[in-house]
Structure formats: C-alpha cells, structure tokens
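The block underneath contains the structure these notes are about, expressed in structure tokens.
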Amino acid sequence: MSTIDHAPISQAEAIAKAEVLIDALPWLVHYSGATVVVKFGGNAMVSDELKASFAEDMVFLRLAGLRPVVVHGGGPQISARLKELGIESEFKGGYRVTTTEAITVVRDVLRDEVNRDLVDLINSHGDLAVGLSGQDGDLFGGRRRGAMVDGSMVDLGHVGDVVTVNTGAAVDVLDAGKIPVISSIAPDTDNPGRLLNVNADAAASALAVALGARKLIVLTDVAGLYSDWPNRDSLVSRIDADELRALLPRLESGMIPKMTACLEAVDGGVENAAIIDGRLPHSTLLEVFTNKGIGTEVVRGTK
Ligand SMILES: Nc1ncnc2c1ncn2[C@@H]1O[C@H](COP(=O)(O)OP(=O)(O)O)[C@@H](O)[C@H]1O
Ligand SMILES: CC(=O)N[C@@H](CCC(=O)OP(=O)(O)O)C(=O)O
C-alpha cells in the first residue's frame, strides 16, 4: 500500500479543519449550558437529507453542552393532507384559516407524523429526543386570534396565540439531558376541550421567552429576511427590534408571523433571534458556532 493510502487528509486540510474547530471555541464557551430554541419550518423539511442533517445538528448542540429545544412546523404537510381529504384551506395574513374539521387534521399531522418523524431521526443517534405537544402538561395555553387583512380584522376559526406557557414538561426533558421536540397545537383556555392551531414561529417564540432561552433560531426556505421582498439584493444581515417594529407593517404572508415572533422573543429577553436558510445542510451549526453566523439576526432594541 502507498503512503498516500495512509494519509486521509493533507497537512493543509488538517490545519484548515483544526481552525474550523478552534473558531468554534468562543461560541462553545458563550453557549455552554444555554437554552436555544430552534424552530424547524415545514418548508425547510424538503428532503430526507436535510431532515437528517437537522437531527445531527440538534444532537451536536446537545453533546456540545447546550440545551436545544425543537419546535416544529409542518404547514406544507398539513396543506397536503387537507387537500387529500378534500378540506378547503386558505391563508389570511400568514395564518391558516382553521375550521372545526381542519383542526383535527392539523393536530394529527403535527403531533402524529411530523413530530414522530423528527423524534425518530434524532433518536437514531441515541435515546435523546422526547416528543411533546402543547397539550402535554399544559405546555401551551391558547386564546383565539384573528388577523389584520387590508386594514380590517378577519376571523381565522380555531387559530390562536399562546397566552400561557407551563414550561414544566419541557424543563423535565431538558433536565434529563434530552431534547424536547414540540408541536405547536394548544388547548383553548376559553373553551376547555377545544384545540387551537398556533403558528409554530409564534409557539417557538413564546417558549423561548418562558424558558429564558439565550437564542431563538428559525429555519425556513429563504436566506433570511429581505427588506424589499422579492428583491434579492435586500437581504438583511442584522436588524434591531426598533427597526424591525418599523418594518413589520410592510411585510407579507409567512414573514408576518415569523418576524413578529422574532420581535416578541427579543422584546421578551432572548439575546437574539436568527432567521436562517434551512435548505443549507447544517445551517444551525454554522449559525451557532461561527463568528458571522448566517441569515438575518434580530437583536434587542432600545425599548
Ligand atoms: N420580506 C420577506 N423576506 C423573506 N421571505 C419572504 C418575505 N416576504 C414573504 N416571504 C415569503 O415567506 C416565506 C417563508 O414563510 P413560510 O412559508 O411561512 O415559512 P415556514 O414554513 O418556514 O414557516 C418565504 O419562502 C418567502 O416566500
Ligand atoms: C395558524 C397557522 O397558520 N398554523 C400553521 C401551523 C404549522 C406551521 O406553523 O408550520 P410552518 O412553520 O411549516 O409554517 C399551519 O396550519 O400551517
């Protein structure tokens, strides 16, 4: 066998790899023991490879000494199931209008399909993930909300905001050294026995605030927030809460709940919130462990 066969990488490659690892050191120190809430959007779950790389990132964060918490969406998966069942579904102001018939489908797709799939992927690396929904241990309590469309408030059916968070179930999982994987449905606090469909960005934000998380990361299917959508030259790398508050009324569709969630997180004490491109493998690791991060970072304002 030649010497080459025994040398898996060159010295230059070895030094480059060591530099990548050592660059992560200040971030390992900064985030040691910190709770980080990661929202995995349905549009970012586009392939089995990306879902598997997301699961690896969560395991990496946990084994690096952070306390990752996953809140997942599943919008496209819910839409596909509703279509199969012939149930009408439309979005208003970035939120799905959710009928009594649709709410059961939303719950089943999120809790029984998307959640189980992510838990299984993480657990292929060891017994690390525990699936929860907003119903478990009264994790979330919701209240119905409408949406502003063209200056007037429209009804959204069984759609709500998270108004109470009982962190006990998630903290128990974290304290056991595991990763909570949470779906965003919430019991309706005004109508016992009824459920509400909560946008997953909003659920992740409410949980990040209640857990005193250091960081909220939102994975989606664009590079970040564009200030002049769809002009691809307008990607925002950093924005503070005051600037975001001013920009919010001009945002459209799915970016409305997403950026509202980031704003509420930093207003609620989370150090920063990042919108990153979930289509990039290992985007979460790049965001947490590199100096520049990726995507759009939202930081606290002067308020
Ligand atoms: N200003 C903007 N910046 C970035 N994306 C935007 C903007 N306005 C609208 N969008 C749209 O929002 C989408 C992300 O929201 P959404 O589909 O709800 O994602 P997710 O399923 O990840 O929650 C993007 O794919 C893009 O089409
Ligand atoms: C009220 C509302 O719109 N709920 C969302 C919940 C899932 C979600 O937020 O999924 P993504 O993160 O993939 O968009 C929905 O029904 O699609």
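Convention: chains lettered A, B, ... in structure tokens order; per-chain residue numbering from 1; ligands numbered from 1 as shown.
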
Secondary structure check, strand (DSSP E) residues of segment 208-285 of chain A, as a tab-separated table (two decimals) with C-alpha atoms, in the first residue's frame:
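Final output, out.tsv:
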chain	number	residue	atom	x	y	z
A	215	LYS	CA	-31.24	32.32	21.38
A	216	LEU	CA	-34.13	31.58	19.01
A	217	ILE	CA	-33.23	30.13	15.61
A	218	VAL	CA	-35.89	29.92	12.90
A	219	LEU	CA	-35.12	27.67	9.91
A	220	THR	CA	-37.04	28.49	6.76
A	238	ARG	CA	-28.72	42.34	11.25
A	239	ILE	CA	-31.72	44.36	12.45
A	240	ASP	CA	-32.63	45.64	15.91
A	272	ASN	CA	-31.02	37.30	19.69
A	273	ALA	CA	-33.22	35.61	17.13
A	274	ALA	CA	-31.93	34.38	13.78
A	275	ILE	CA	-33.83	33.55	10.59
A	276	ILE	CA	-31.66	31.12	8.64
A	277	ASP	CA	-31.84	29.06	5.46

Please report, as a PyMOL selection string, each residue of segment 17-214 of chain A to which DSSP assigns helix (DSSP H, G or I) when run on this structure's backbone. chain A and resi 17-23+25-31+42-44+48-63+75-84+100-123+136-138+168-175+200-211

Given 8 Å and only C-alpha atoms and all ligand atoms, residues near ligand 2 as a ChimeraX atom specification: /A:39-44,72-79,91,94-98,106,110,159-160,184-185,197-201,220,254

To one decimal place, how far is atom CA of Ser89 of chain A from atom CA of Val163 of chain A in Å?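 Between these atoms lies a distance of 24.9 Å.
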
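Between atom CA of Asp48 of chain A and atom CA of Leu85 of chain A the interatomic distance comes to 24.5 Å.
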
Residues near Asp138 of chain A, cut-off 8 Å, only C-alpha atoms, skip fewer than 2 positions along chain, as a count of residues only: 8

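Take atom 1 (N, counted along the ligand's line) of ligand 1 and atom CA of Ser227 of chain A: the distance between them is 5.5 Å.
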
Of the residues A:Ile294, A:Ile87, A:Gly177, A:Ala129, which is the one nearest to Leu280 of chain A, using only C-alpha atoms?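 Closest candidate: A:Ile294.
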
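Nearest residue to Ala52 of chain A among A:Ile103, A:Val38, A:Ala204, A:Val119 is A:Val119, counting only C-alpha atoms.
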
Using only C-alpha atoms, which residues sit within 7 Å of Ala261 of chain A once same-chain residues fewer than 4 positions away are excluded, as a PyMOL selection string? chain A and resi 201-202+205+257+265

So that I can see what lies close to Glu264 of chain A, please list as number ranges by chain the residues with an atom at most 9 Å from it, counting only C-alpha atoms and leaving out residues fewer than 5 positions away in the same chain. A: 202, 205-206, 209, 241, 259, 269-270

Of the candidates A:Thr167, A:Ser47, A:Ser253, A:Gln11, which shows the shortest atom-to-atom distance to ligand 1, using only C-alpha atoms and all ligand atoms?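 Closest candidate: A:Ser253.
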
Of the candidates A:Ile179, A:Leu225, A:Val71, A:Leu248, which shows the shortest atom-to-atom distance to ligand 1, using only C-alpha atoms and all ligand atoms? A:Leu225

Selected residue, from A:Pro68, A:Gly93, A:Gly193, A:Gly268, that lies nearest to ligand 1 when counting only C-alpha atoms and all ligand atoms: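 That would be A:Gly93, the residue with the smallest distance to ligand 1.
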